[in-house]
>>> print(open('model.txt').read())   # compact mmCIF, C-alpha atoms and all ligand atoms
# COMPACT_ATOMS: atom_id res chain seq x y z
CA MET A 1 0.00 0.00 0.00
CA ASN A 2 1.56 3.37 -0.90
CA ALA A 3 1.62 6.32 1.47
CA THR A 4 -0.91 8.34 -0.50
CA SER A 5 -3.82 5.93 -0.21
CA THR A 6 -6.48 7.13 2.15
CA PRO A 7 -7.70 5.04 5.07
CA SER A 8 -11.03 4.48 3.33
CA GLY A 9 -9.64 3.06 0.14
CA ASN A 10 -7.51 3.44 -2.93
CA GLN A 11 -8.49 4.19 -6.51
CA ALA A 12 -9.44 0.62 -7.33
CA GLY A 13 -11.94 0.75 -4.48
CA THR A 14 -10.00 -1.75 -2.41
CA LEU A 15 -9.81 -1.04 1.30
CA SER A 16 -6.28 -0.50 2.59
CA ALA A 17 -6.92 -2.58 5.71
CA ASN A 18 -8.57 -5.21 3.57
CA PRO A 19 -10.86 -7.52 5.60
CA SER A 20 -11.25 -10.16 2.91
CA GLY A 21 -9.19 -12.87 4.61
CA GLY A 22 -10.79 -15.58 6.69
CA ARG A 23 -13.28 -18.05 5.37
CA PRO A 24 -14.68 -16.97 1.98
CA TYR A 25 -18.44 -17.04 1.48
CA LEU A 26 -19.73 -18.16 -1.90
CA ALA A 27 -23.31 -16.84 -2.01
CA ILE A 28 -24.07 -17.77 -5.61
CA PRO A 29 -27.11 -19.86 -6.56
CA GLY A 30 -25.15 -23.03 -7.07
CA PRO A 31 -22.83 -24.59 -6.37
CA SER A 32 -23.84 -23.88 -2.80
CA VAL A 33 -21.82 -23.91 0.42
CA ILE A 34 -20.53 -27.43 1.12
CA PRO A 35 -21.00 -28.46 4.78
CA ASP A 36 -17.92 -29.67 6.67
CA PRO A 37 -19.45 -33.13 7.28
CA VAL A 38 -19.87 -33.52 3.49
CA LEU A 39 -16.27 -32.47 2.83
CA GLN A 40 -15.02 -34.77 5.58
CA ALA A 41 -17.03 -37.73 4.29
CA MET A 42 -15.37 -37.30 0.90
CA HIS A 43 -11.84 -37.08 2.26
CA ARG A 44 -10.86 -40.74 2.06
CA PRO A 45 -9.07 -43.24 -0.16
CA SER A 46 -11.02 -44.84 -3.00
CA PRO A 47 -13.32 -47.57 -1.76
CA ASN A 48 -13.83 -50.95 -3.38
CA ILE A 49 -16.55 -50.67 -6.03
CA TYR A 50 -17.24 -54.43 -6.16
CA ALA A 51 -18.10 -55.23 -2.57
CA GLY A 52 -18.40 -53.73 0.86
CA GLU A 53 -19.51 -50.45 2.33
CA LEU A 54 -20.01 -48.49 -0.89
CA LEU A 55 -22.67 -50.92 -2.09
CA SER A 56 -24.81 -50.69 1.01
CA LEU A 57 -24.22 -46.94 1.22
CA THR A 58 -25.53 -46.54 -2.35
CA ASP A 59 -28.59 -48.69 -1.60
CA SER A 60 -29.28 -46.46 1.39
CA LEU A 61 -29.37 -43.31 -0.76
CA ILE A 62 -32.31 -44.47 -2.87
CA PRO A 63 -35.12 -44.37 -0.27
CA ASP A 64 -33.77 -41.10 1.12
CA LEU A 65 -33.68 -39.42 -2.29
CA LYS A 66 -37.21 -40.60 -3.00
CA ALA A 67 -38.44 -39.36 0.36
CA LEU A 68 -36.89 -35.96 -0.30
CA ALA A 69 -38.61 -35.78 -3.69
CA GLY A 70 -41.89 -36.99 -2.24
CA THR A 71 -42.16 -40.03 -4.46
CA GLN A 72 -42.66 -43.75 -3.98
CA HIS A 73 -41.60 -44.55 -7.54
CA PHE A 74 -38.17 -44.59 -9.20
CA VAL A 75 -34.93 -42.64 -9.21
CA ALA A 76 -31.99 -42.96 -11.62
CA ILE A 77 -28.64 -41.43 -10.66
CA TYR A 78 -26.30 -40.00 -13.30
CA ILE A 79 -22.68 -38.89 -13.17
CA SER A 80 -23.44 -35.49 -14.67
CA ASN A 81 -24.54 -32.00 -13.86
CA GLY A 82 -28.13 -30.87 -14.21
CA HIS A 83 -27.82 -30.54 -17.97
CA GLY A 84 -27.19 -34.29 -18.12
CA ALA A 85 -30.37 -34.94 -16.13
CA TRP A 86 -32.29 -32.68 -18.53
CA GLU A 87 -31.07 -34.78 -21.42
CA ALA A 88 -31.68 -38.08 -19.63
CA ALA A 89 -35.29 -37.12 -18.88
CA LEU A 90 -35.91 -36.25 -22.52
CA MET A 91 -34.09 -39.32 -23.90
CA ASN A 92 -36.22 -41.70 -21.83
CA THR A 93 -39.61 -40.27 -22.68
CA LEU A 94 -39.58 -38.68 -26.12
CA GLN A 95 -38.33 -39.25 -29.63
CA PRO A 96 -37.50 -36.99 -32.56
CA GLY A 97 -40.66 -35.47 -34.00
CA ASP A 98 -42.55 -35.51 -30.68
CA LYS A 99 -43.83 -32.20 -29.45
CA VAL A 100 -43.39 -30.59 -26.03
CA LEU A 101 -44.89 -27.50 -24.46
CA VAL A 102 -42.59 -25.34 -22.32
CA PRO A 103 -44.13 -22.61 -20.16
CA ALA A 104 -41.12 -20.42 -19.33
CA SER A 105 -40.30 -18.01 -16.49
CA GLY A 106 -36.64 -17.56 -17.24
CA ARG A 107 -33.47 -18.73 -18.87
CA PHE A 108 -33.44 -22.29 -17.53
CA ALA A 109 -36.79 -23.19 -19.06
CA ILE A 110 -35.53 -21.85 -22.39
CA GLY A 111 -32.33 -23.89 -21.94
CA TRP A 112 -34.24 -27.13 -21.38
CA ALA A 113 -36.37 -26.37 -24.43
CA GLU A 114 -33.24 -25.74 -26.50
CA MET A 115 -31.88 -29.09 -25.41
CA ALA A 116 -35.11 -30.82 -26.46
CA ASN A 117 -34.94 -29.00 -29.77
CA ALA A 118 -31.39 -30.20 -30.37
CA LEU A 119 -32.63 -33.76 -29.88
CA GLY A 120 -35.14 -33.28 -32.71
CA ILE A 121 -38.09 -32.73 -30.38
CA GLU A 122 -40.47 -30.04 -31.52
CA THR A 123 -40.65 -27.41 -28.79
CA GLU A 124 -43.30 -24.79 -28.27
CA ILE A 125 -42.35 -22.19 -25.68
CA LEU A 126 -44.96 -20.13 -23.85
CA ASP A 127 -42.64 -17.36 -22.76
CA PHE A 128 -43.92 -15.43 -19.75
CA GLY A 129 -40.81 -13.27 -19.52
CA THR A 130 -38.25 -13.03 -16.74
CA ALA A 131 -40.35 -11.70 -13.88
CA ALA A 132 -43.65 -13.57 -14.10
CA ALA A 133 -44.84 -17.04 -13.16
CA TRP A 134 -46.63 -19.35 -15.58
CA ASP A 135 -49.92 -17.94 -16.84
CA LEU A 136 -51.94 -21.10 -16.38
CA ASP A 137 -54.93 -19.76 -18.30
CA LYS A 138 -52.69 -19.57 -21.36
CA VAL A 139 -51.42 -23.10 -20.72
CA ALA A 140 -55.05 -24.29 -20.42
CA THR A 141 -55.99 -22.59 -23.68
CA ARG A 142 -53.06 -24.20 -25.46
CA LEU A 143 -53.86 -27.67 -24.13
CA ALA A 144 -57.51 -27.28 -25.10
CA ALA A 145 -56.36 -26.52 -28.64
CA ASP A 146 -54.61 -29.89 -28.80
CA PRO A 147 -57.51 -32.39 -29.04
CA SER A 148 -55.38 -34.95 -30.89
CA HIS A 149 -52.79 -34.84 -28.09
CA GLU A 150 -49.78 -33.98 -30.19
CA ILE A 151 -48.14 -32.50 -27.10
CA LYS A 152 -46.39 -35.42 -25.43
CA ALA A 153 -44.93 -33.60 -22.44
CA VAL A 154 -45.08 -30.30 -20.58
CA LEU A 155 -41.65 -29.22 -19.33
CA GLY A 156 -41.79 -26.87 -16.36
CA VAL A 157 -38.99 -25.39 -14.28
CA HIS A 158 -40.17 -25.19 -10.66
CA VAL A 159 -37.72 -22.49 -9.52
CA ASP A 160 -36.07 -20.72 -12.43
CA THR A 161 -32.73 -19.75 -10.97
CA SER A 162 -32.22 -16.92 -13.45
CA SER A 163 -35.35 -14.98 -12.51
CA SER A 164 -35.92 -16.49 -9.02
CA ILE A 165 -39.55 -17.13 -9.95
CA ARG A 166 -41.14 -20.08 -8.16
CA ASN A 167 -43.90 -21.67 -10.19
CA ASP A 168 -46.95 -23.55 -8.92
CA VAL A 169 -46.40 -27.11 -10.13
CA ALA A 170 -49.54 -28.55 -8.49
CA ALA A 171 -51.64 -25.91 -10.23
CA LEU A 172 -50.07 -26.82 -13.58
CA ARG A 173 -51.05 -30.44 -12.93
CA ALA A 174 -54.61 -29.34 -12.16
CA VAL A 175 -54.77 -27.48 -15.47
CA MET A 176 -53.57 -30.57 -17.34
CA ASP A 177 -56.11 -32.74 -15.51
CA THR A 178 -58.95 -30.33 -16.22
CA ALA A 179 -58.00 -30.41 -19.90
CA GLN A 180 -57.89 -34.23 -19.63
CA HIS A 181 -54.59 -34.00 -21.45
CA PRO A 182 -52.40 -37.13 -21.26
CA ALA A 183 -49.02 -35.35 -21.70
CA LEU A 184 -46.32 -36.16 -19.18
CA LEU A 185 -45.62 -33.45 -16.61
CA MET A 186 -41.84 -33.09 -16.31
CA THR A 187 -40.29 -30.64 -13.85
CA ASP A 188 -36.83 -29.26 -13.21
CA CYS A 189 -36.22 -29.03 -9.46
CA ILE A 190 -32.47 -28.50 -9.72
CA ALA A 191 -32.64 -25.28 -7.70
CA SER A 192 -35.59 -26.13 -5.51
CA LEU A 193 -35.03 -29.68 -4.23
CA GLY A 194 -34.20 -29.47 -0.53
CA CYS A 195 -35.03 -25.73 -0.45
CA ASP A 196 -38.59 -25.06 -1.59
CA ARG A 197 -41.45 -27.43 -0.78
CA PHE A 198 -41.87 -30.01 -3.51
CA GLU A 199 -44.06 -33.16 -3.44
CA MET A 200 -43.68 -35.18 -6.60
CA ASP A 201 -46.43 -37.78 -6.19
CA ALA A 202 -48.93 -35.53 -4.40
CA TRP A 203 -48.50 -32.89 -7.08
CA GLY A 204 -48.88 -35.39 -9.93
CA VAL A 205 -45.42 -34.95 -11.43
CA ASP A 206 -44.37 -37.76 -13.79
CA VAL A 207 -40.69 -36.92 -14.20
CA MET A 208 -38.51 -34.70 -12.02
CA VAL A 209 -34.87 -33.80 -12.60
CA SER A 210 -32.46 -32.50 -10.00
CA ALA A 211 -28.75 -32.31 -9.20
CA CYS A 212 -26.60 -32.49 -6.10
CA GLN A 213 -24.83 -29.11 -5.94
CA LYS A 214 -27.63 -26.83 -4.79
CA GLY A 215 -30.06 -27.83 -2.04
CA LEU A 216 -28.16 -31.12 -1.71
CA MET A 217 -24.92 -29.32 -0.75
CA THR A 218 -22.56 -31.73 -2.55
CA PRO A 219 -19.92 -30.81 -5.17
CA ALA A 220 -21.38 -30.70 -8.70
CA GLY A 221 -21.25 -33.93 -10.66
CA VAL A 222 -24.20 -36.13 -9.72
CA SER A 223 -27.76 -35.68 -10.94
CA PHE A 224 -31.08 -37.44 -10.54
CA VAL A 225 -34.09 -38.29 -12.64
CA PHE A 226 -37.16 -39.35 -10.67
CA PHE A 227 -39.97 -40.96 -12.63
CA ASN A 228 -43.27 -42.75 -12.07
CA ASP A 229 -45.03 -45.68 -13.76
CA LYS A 230 -46.60 -43.50 -16.44
CA ALA A 231 -43.16 -42.23 -17.45
CA ALA A 232 -41.78 -45.77 -17.31
CA ALA A 233 -44.54 -46.82 -19.73
CA ALA A 234 -43.51 -44.01 -22.11
CA ARG A 235 -39.94 -45.29 -21.91
CA ALA A 236 -41.08 -48.85 -22.68
CA LYS A 237 -42.75 -47.67 -25.90
CA LEU A 238 -39.60 -46.07 -27.34
CA PRO A 239 -37.87 -48.06 -30.07
CA ARG A 240 -34.46 -47.32 -28.58
CA VAL A 241 -32.82 -45.34 -25.79
CA SER A 242 -29.11 -44.58 -25.60
CA ARG A 243 -27.59 -47.29 -23.44
CA TYR A 244 -25.86 -44.78 -21.21
CA TRP A 245 -28.87 -42.54 -20.55
CA ASP A 246 -31.39 -45.40 -20.21
CA TRP A 247 -32.92 -44.99 -16.79
CA THR A 248 -34.26 -48.56 -16.48
CA PRO A 249 -31.10 -50.39 -15.31
CA ARG A 250 -30.11 -47.42 -13.14
CA ALA A 251 -33.46 -47.41 -11.34
CA THR A 252 -33.85 -51.20 -11.12
CA PRO A 253 -30.27 -52.53 -11.11
CA GLN A 254 -29.62 -56.25 -11.02
CA GLU A 255 -25.91 -55.62 -10.49
CA PHE A 256 -24.27 -52.77 -8.60
CA TYR A 257 -22.51 -51.30 -11.65
CA GLN A 258 -25.89 -50.76 -13.33
CA TYR A 259 -26.67 -47.95 -10.88
CA PHE A 260 -24.11 -45.86 -12.75
CA GLY A 261 -23.54 -47.66 -16.05
CA GLY A 262 -19.91 -48.14 -14.98
CA THR A 263 -17.66 -47.02 -12.15
CA ALA A 264 -19.59 -45.44 -9.28
CA PRO A 265 -18.99 -41.76 -8.47
CA THR A 266 -17.44 -43.00 -5.26
CA HIS A 267 -16.63 -39.83 -3.33
CA HIS A 268 -19.79 -38.05 -4.38
CA LEU A 269 -21.78 -40.91 -2.91
CA TYR A 270 -20.08 -40.47 0.48
CA GLY A 271 -20.70 -36.74 0.30
CA LEU A 272 -24.31 -37.21 -0.69
CA ARG A 273 -24.85 -39.66 2.17
CA ALA A 274 -23.58 -37.04 4.62
CA ALA A 275 -25.74 -34.33 3.03
CA LEU A 276 -28.87 -36.47 3.21
CA ASP A 277 -28.05 -37.24 6.84
CA LEU A 278 -27.93 -33.51 7.56
CA ILE A 279 -31.32 -33.00 5.89
CA HIS A 280 -32.76 -36.00 7.70
CA ARG A 281 -31.47 -34.81 11.08
CA GLU A 282 -33.03 -31.39 10.61
CA GLY A 283 -36.23 -32.78 9.03
CA VAL A 284 -37.32 -31.78 5.56
CA GLU A 285 -40.22 -29.65 6.82
CA ALA A 286 -37.77 -27.77 9.03
CA VAL A 287 -35.36 -27.40 6.10
CA TRP A 288 -38.12 -25.85 3.99
CA ALA A 289 -39.18 -23.59 6.88
CA ARG A 290 -35.57 -22.46 7.40
CA HIS A 291 -35.26 -21.53 3.73
CA ALA A 292 -38.56 -19.65 3.89
CA ARG A 293 -37.44 -17.69 6.95
CA LEU A 294 -34.01 -16.83 5.55
CA ALA A 295 -35.51 -15.80 2.21
CA ALA A 296 -37.96 -13.51 4.00
CA ALA A 297 -35.01 -11.88 5.79
CA VAL A 298 -33.26 -11.29 2.46
CA TRP A 299 -36.40 -9.77 0.93
CA ALA A 300 -36.98 -7.50 3.94
CA ALA A 301 -33.48 -6.07 3.62
CA CYS A 302 -33.76 -5.66 -0.15
CA GLU A 303 -37.11 -3.90 0.15
CA ALA A 304 -35.67 -1.49 2.73
CA TRP A 305 -32.62 -0.74 0.57
CA GLY A 306 -34.89 -0.07 -2.40
CA ASN A 307 -37.02 2.36 -0.44
CA ILE A 308 -35.57 5.66 -1.79
CA ALA A 309 -37.00 8.79 -3.39
CA ASP A 310 -36.19 7.61 -6.92
CA PRO A 311 -36.50 3.81 -6.81
CA ALA A 312 -35.04 3.57 -10.33
CA GLN A 313 -31.64 4.55 -8.88
CA GLY A 314 -31.59 1.80 -6.30
CA LEU A 315 -31.89 -1.87 -5.61
CA ARG A 316 -34.98 -3.74 -6.76
CA LEU A 317 -36.15 -7.34 -6.36
CA ASN A 318 -36.82 -8.96 -9.73
CA VAL A 319 -39.99 -10.65 -8.49
CA SER A 320 -42.45 -8.20 -6.95
CA ASP A 321 -45.01 -10.71 -5.62
CA PRO A 322 -43.52 -12.48 -2.56
CA SER A 323 -45.70 -15.55 -3.17
CA LEU A 324 -43.90 -16.09 -6.48
CA ARG A 325 -40.38 -15.78 -5.05
CA SER A 326 -38.10 -18.74 -4.60
CA HIS A 327 -36.76 -19.47 -1.13
CA ALA A 328 -33.43 -20.58 -2.62
CA VAL A 329 -32.30 -17.68 -4.80
CA THR A 330 -33.06 -13.96 -5.20
CA ALA A 331 -32.51 -12.05 -8.45
CA LEU A 332 -31.94 -8.31 -8.08
CA HIS A 333 -31.59 -5.19 -10.21
CA LEU A 334 -29.21 -2.31 -9.56
CA PRO A 335 -28.62 0.34 -12.25
CA ALA A 336 -25.79 -0.80 -14.55
CA PRO A 337 -22.89 -1.06 -13.98
CA ARG A 338 -23.41 -0.89 -10.23
CA ALA A 339 -24.50 -4.50 -9.83
CA SER A 340 -21.14 -5.65 -11.18
CA ASP A 341 -19.33 -2.96 -9.17
CA LEU A 342 -20.98 -4.23 -6.02
CA ARG A 343 -20.08 -7.86 -6.76
CA HIS A 344 -16.47 -6.94 -7.41
CA TRP A 345 -16.18 -4.76 -4.33
CA LEU A 346 -17.58 -7.46 -2.06
CA GLU A 347 -15.28 -10.11 -3.45
CA GLN A 348 -12.17 -7.95 -3.24
CA ASN A 349 -12.86 -6.39 0.13
CA LEU A 350 -14.97 -8.77 2.16
CA GLY A 351 -14.34 -12.24 0.74
CA LEU A 352 -18.00 -12.46 -0.25
CA THR A 353 -19.02 -13.65 -3.72
CA LEU A 354 -22.47 -12.89 -5.12
CA GLY A 355 -24.01 -14.47 -8.20
CA ILE A 356 -23.94 -12.84 -11.62
CA GLY A 357 -27.19 -11.91 -13.31
CA LEU A 358 -28.41 -14.57 -15.72
CA GLY A 359 -30.85 -14.19 -18.56
CA LEU A 360 -32.17 -10.77 -17.54
CA ALA A 361 -30.00 -8.97 -20.13
CA PRO A 362 -27.68 -10.17 -22.91
CA SER A 363 -24.31 -11.09 -21.41
CA ASP A 364 -22.42 -8.85 -23.86
CA SER A 365 -24.58 -5.76 -23.21
CA PRO A 366 -23.95 -2.92 -20.73
CA ALA A 367 -27.32 -3.76 -19.16
CA TRP A 368 -25.88 -7.08 -18.03
CA HIS A 369 -24.04 -5.17 -15.32
CA GLY A 370 -27.40 -4.17 -13.83
CA HIS A 371 -28.31 -7.57 -12.37
CA PHE A 372 -27.04 -9.94 -9.73
CA ARG A 373 -28.31 -12.85 -7.69
CA LEU A 374 -28.02 -14.09 -4.15
CA GLY A 375 -27.92 -17.81 -3.47
CA HIS A 376 -29.44 -18.77 -0.12
CA MET A 377 -29.81 -22.48 -0.75
CA GLY A 378 -28.62 -25.46 1.23
CA HIS A 379 -26.18 -25.08 4.10
CA VAL A 380 -27.06 -21.53 5.17
CA ASN A 381 -28.29 -20.20 8.47
CA GLY A 382 -29.26 -16.95 10.12
CA HIS A 383 -25.80 -15.64 10.91
CA MET A 384 -24.62 -16.33 7.36
CA ILE A 385 -27.58 -14.46 5.88
CA MET A 386 -26.98 -11.54 8.26
CA GLY A 387 -23.32 -11.59 7.17
CA LEU A 388 -24.35 -11.63 3.53
CA LEU A 389 -26.73 -8.71 4.03
CA GLY A 390 -24.30 -6.79 6.23
CA GLY A 391 -21.66 -7.20 3.57
CA ILE A 392 -23.96 -5.86 0.88
CA ASN A 393 -24.79 -2.93 3.14
CA ALA A 394 -21.08 -2.14 3.43
CA GLY A 395 -20.72 -2.34 -0.35
CA LEU A 396 -23.65 0.02 -0.93
CA LEU A 397 -22.01 2.51 1.45
CA ALA A 398 -18.52 2.13 -0.01
CA LEU A 399 -19.73 2.63 -3.57
CA ASP A 400 -22.13 5.45 -2.72
CA ILE A 401 -25.06 3.55 -4.17
CA PRO A 402 -28.32 5.17 -3.09
CA HIS A 403 -30.20 2.96 -0.64
CA GLY A 404 -32.85 3.18 2.03
CA ALA A 405 -32.09 2.82 5.74
CA GLY A 406 -33.02 0.07 8.15
CA ALA A 407 -32.34 -2.94 5.94
CA LEU A 408 -30.36 -4.91 8.49
CA THR A 409 -32.88 -4.20 11.23
CA ALA A 410 -35.65 -5.31 8.88
CA ALA A 411 -33.83 -8.58 8.20
CA ALA A 412 -33.01 -9.10 11.87
CA SER A 413 -36.67 -8.54 12.74
CA VAL A 414 -37.66 -11.38 10.41
CA LEU A 415 -35.18 -13.65 12.14
CA ALA A 416 -36.24 -12.48 15.60
CA LYS A 417 -39.97 -13.00 15.01
CA PRO A 418 -41.51 -15.90 16.97
CA ASP A 419 -43.20 -18.57 14.79
C1 LIG B 1 -28.40 -24.93 -11.90
C2 LIG B 1 -29.63 -25.20 -12.70
C3 LIG B 1 -29.61 -25.91 -13.91
C4 LIG B 1 -28.34 -26.36 -14.54
O1 LIG B 1 -27.68 -27.29 -13.76
P1 LIG B 1 -26.15 -27.65 -14.12
O2 LIG B 1 -25.76 -28.56 -13.00
O3 LIG B 1 -25.42 -26.36 -14.13
O4 LIG B 1 -26.16 -28.32 -15.44
C5 LIG B 1 -30.79 -26.15 -14.55
N1 LIG B 1 -31.96 -25.72 -14.05
C6 LIG B 1 -32.03 -25.03 -12.91
C7 LIG B 1 -33.36 -24.57 -12.40
C8 LIG B 1 -30.87 -24.73 -12.21
O5 LIG B 1 -30.93 -24.03 -11.07
>>> encode(input="model.txt", output="structure tokens", more="lines below")
Ligand SMILES: *Cc1c(COP(=O)(O)O)cnc(C)c1O
Amino acid sequence: MNATSTPSGNQAGTLSANPSGGRPYLAIPGPSVIPDPVLQAMHRPSPNIYAGELLSLTDSLIPDLKALAGTQHFVAIYISNGHGAWEAALMNTLQPGDKVLVPASGRFAIGWAEMANALGIETEILDFGTAAAWDLDKVATRLAADPSHEIKAVLGVHVDTSSSIRNDVAALRAVMDTAQHPALLMTDCIASLGCDRFEMDAWGVDVMVSACQKGLMTPAGVSFVFFNDKAAAARAKLPRVSRYWDWTPRATPQEFYQYFGGTAPTHHLYGLRAALDLIHREGVEAVWARHARLAAAVWAACEAWGNIADPAQGLRLNVSDPSLRSHAVTALHLPAPRASDLRHWLEQNLGLTLGIGLGLAPSDSPAWHGHFRLGHMGHVNGHMIMGLLGGINAGLLALDIPHGAGALTAAASVLAKPD
């Protein structure tokens, strides 16, 4: 540090007594914070993949994954990220020329549709923009206009991590039932599983895809496709399914290697076991309630910060209706380029990393620097969220970004409120 830098900072905006050491905090919407018990469970030599502990450990994951998803039916595990699970779900249910309907509330729904399209599946997107939930009247109208049932599946993203919209999956099912439409209901719960309430069987979901690096708190690399008997019947009718993506041997293995179509993702399985134990110990209802409470604290702070004379100059939640907001991720606007400035300042000065904006503006446009996201999924608690919010408050002050007062008190009040 040279002698001319002031105590409050230098030209790059970096504090001279820089408090960014200590444990870093990655507050992006996936991968999420990995709990110490998960890290410790993975820190071991390679186990035998032909006999012994790994085999029984893997068997033990299946009922726990199904319980978390709220299904009594099947789960197939893949060594892939969420994109692999997207592809697996499509490969096992549809063939080129089939048609799917995709109600979209953000970039991830569009991404799943693009993947279907690349597989030769005809995709029809009902695009509701980046700040609105599914318009189910429009979905109903579209299904009613399909008397010959050309639409074979409806693909819906439960929580779209780009917009932080949380869609009503049970209501989508009700619309499909009212239309007496036989299409499969397939949902992406990659961001929501283990964060936002989800009940696969009770909500009438036929196929659900998820991955391990968000609510399941495990390093990226393992994904899941849950499916019921109706989806299994669709699979049985296909003339062929790629051997690797075929979910049948994975969900009903006769031999251990069939779980994974080859070598097991050994260390991920240990990590996942530890993560599921954490969820089980807390109780899934309590996990959902914790996410709801922490999300409400985040929103309270953001609303207070945004409460200024000219709201266009300040912070704004992407989703205005709280009932449509995810409990796992929050997308925010701040006039460009201040969102990027804030992210950079927090990383350089406080050891705190926020998520980039996704899908709310083209990534090569100046407007892209007007969005960011907070991940509050998985292994997070009240003191971490207060640290996250306190850090942002420091950044708003340091960068002279206009903001309303009382944000941290508003968040603390949410955490202090009796049930
Ligand atoms: C993270 C995410 C994905 C993509 O998962 P990858 O593991 O990055 O392939 C898809 N959909 C949603 C809703 C997500 O949050």
>>> residues_near_point(input="model.txt", point="(-33.8, -19.7, -13.8)", cutoff="9 Å", atoms="all atoms listed in the file", output="count of residues only")
18
>>> residues_near_ligand(input="model.txt", ligand="ligand LIG 1 (chain B)", cutoff="9 Å", atoms="all atoms listed in the file", output="ChimeraX atom specification")
/A:29-31,80-86,107-109,111-112,157-162,188-192,209-214,220-223
>>> write_last_selection(input="model.txt", atoms="C-alpha atoms", output="PDB file, in the coordinates of the input")
ATOM      1  CA  PRO A  29     -27.110 -19.860  -6.560  1.00  0.00           C
ATOM      2  CA  GLY A  30     -25.150 -23.030  -7.070  1.00  0.00           C
ATOM      3  CA  PRO A  31     -22.830 -24.590  -6.370  1.00  0.00           C
ATOM      4  CA  SER A  80     -23.440 -35.490 -14.670  1.00  0.00           C
ATOM      5  CA  ASN A  81     -24.540 -32.000 -13.860  1.00  0.00           C
ATOM      6  CA  GLY A  82     -28.130 -30.870 -14.210  1.00  0.00           C
ATOM      7  CA  HIS A  83     -27.820 -30.540 -17.970  1.00  0.00           C
ATOM      8  CA  GLY A  84     -27.190 -34.290 -18.120  1.00  0.00           C
ATOM      9  CA  ALA A  85     -30.370 -34.940 -16.130  1.00  0.00           C
ATOM     10  CA  TRP A  86     -32.290 -32.680 -18.530  1.00  0.00           C
ATOM     11  CA  ARG A 107     -33.470 -18.730 -18.870  1.00  0.00           C
ATOM     12  CA  PHE A 108     -33.440 -22.290 -17.530  1.00  0.00           C
ATOM     13  CA  ALA A 109     -36.790 -23.190 -19.060  1.00  0.00           C
ATOM     14  CA  GLY A 111     -32.330 -23.890 -21.940  1.00  0.00           C
ATOM     15  CA  TRP A 112     -34.240 -27.130 -21.380  1.00  0.00           C
ATOM     16  CA  VAL A 157     -38.990 -25.390 -14.280  1.00  0.00           C
ATOM     17  CA  HIS A 158     -40.170 -25.190 -10.660  1.00  0.00           C
ATOM     18  CA  VAL A 159     -37.720 -22.490  -9.520  1.00  0.00           C
ATOM     19  CA  ASP A 160     -36.070 -20.720 -12.430  1.00  0.00           C
ATOM     20  CA  THR A 161     -32.730 -19.750 -10.970  1.00  0.00           C
ATOM     21  CA  SER A 162     -32.220 -16.920 -13.450  1.00  0.00           C
ATOM     22  CA  ASP A 188     -36.830 -29.260 -13.210  1.00  0.00           C
ATOM     23  CA  CYS A 189     -36.220 -29.030  -9.460  1.00  0.00           C
ATOM     24  CA  ILE A 190     -32.470 -28.500  -9.720  1.00  0.00           C
ATOM     25  CA  ALA A 191     -32.640 -25.280  -7.700  1.00  0.00           C
ATOM     26  CA  SER A 192     -35.590 -26.130  -5.510  1.00  0.00           C
ATOM     27  CA  VAL A 209     -34.870 -33.800 -12.600  1.00  0.00           C
ATOM     28  CA  SER A 210     -32.460 -32.500 -10.000  1.00  0.00           C
ATOM     29  CA  ALA A 211     -28.750 -32.310  -9.200  1.00  0.00           C
ATOM     30  CA  CYS A 212     -26.600 -32.490  -6.100  1.00  0.00           C
ATOM     31  CA  GLN A 213     -24.830 -29.110  -5.940  1.00  0.00           C
ATOM     32  CA  LYS A 214     -27.630 -26.830  -4.790  1.00  0.00           C
ATOM     33  CA  ALA A 220     -21.380 -30.700  -8.700  1.00  0.00           C
ATOM     34  CA  GLY A 221     -21.250 -33.930 -10.660  1.00  0.00           C
ATOM     35  CA  VAL A 222     -24.200 -36.130  -9.720  1.00  0.00           C
ATOM     36  CA  SER A 223     -27.760 -35.680 -10.940  1.00  0.00           C
TER      37      SER A 223
END
>>> atom_distance(input="model.txt", atom1="CA of His369 (chain A)", atom2="CA of Gly215 (chain A)")
26.9 Å
>>> closest_residue(input="model.txt", among="A:Ile356, A:Phe226, A:Met217, A:Asp36", to="Arg250 (chain A)", atoms="only C-alpha atoms")
A:Phe226
>>> closest_residue(input="model.txt", among="A:Arg290, A:His371, A:His181, A:His379", to="Gly314 (chain A)", atoms="all atoms listed in the file")
A:His371
>>> closest_residue(input="model.txt", among="A:Ser320, A:Arg243, A:Ala69, A:Leu294", to="Trp203 (chain A)", atoms="only C-alpha atoms")
A:Ala69
>>> atom_distance(input="model.txt", atom1="CA of Ala398 (chain A)", atom2="CA of Asn18 (chain A)")
12.9 Å
>>> closest_residue(input="model.txt", among="A:Trp299, A:Trp305, A:Phe224, A:Trp134", to="Leu374 (chain A)", atoms="only C-alpha atoms")
A:Trp299
>>> atom_distance(input="model.txt", atom1="CA of Ala89 (chain A)", atom2="CA of Lys152 (chain A)")
13.0 Å
>>> closest_residue(input="model.txt", among="A:Leu354, A:Leu415, A:Ala361, A:Leu68", to="Leu26 (chain A)", atoms="all atoms listed in the file")
A:Leu354
>>> residues_around(input="model.txt", residues="region 337-345 of chain A", least_positions_apart="2", cutoff="7 Å", atoms="all atoms listed in the file", output="PyMOL selection string")
chain A and resi 13+334-335+347-349+353-354+369-372+395
>>> residues_around(input="model.txt", residues="His268 (chain A)", least_positions_apart="2", cutoff="8 Å", atoms="only C-alpha atoms", output="list in words")
Met42, Thr218, Pro219, Gly221, Val222, Pro265, Thr266, Tyr270, Gly271 and Leu272 of chain A
>>> residues_around(input="model.txt", residues="Gly378 (chain A)", least_positions_apart="4", cutoff="9 Å", atoms="only C-alpha atoms", output="PyMOL selection string")
chain A and resi 32-35+194-195+213-217+287+291+328
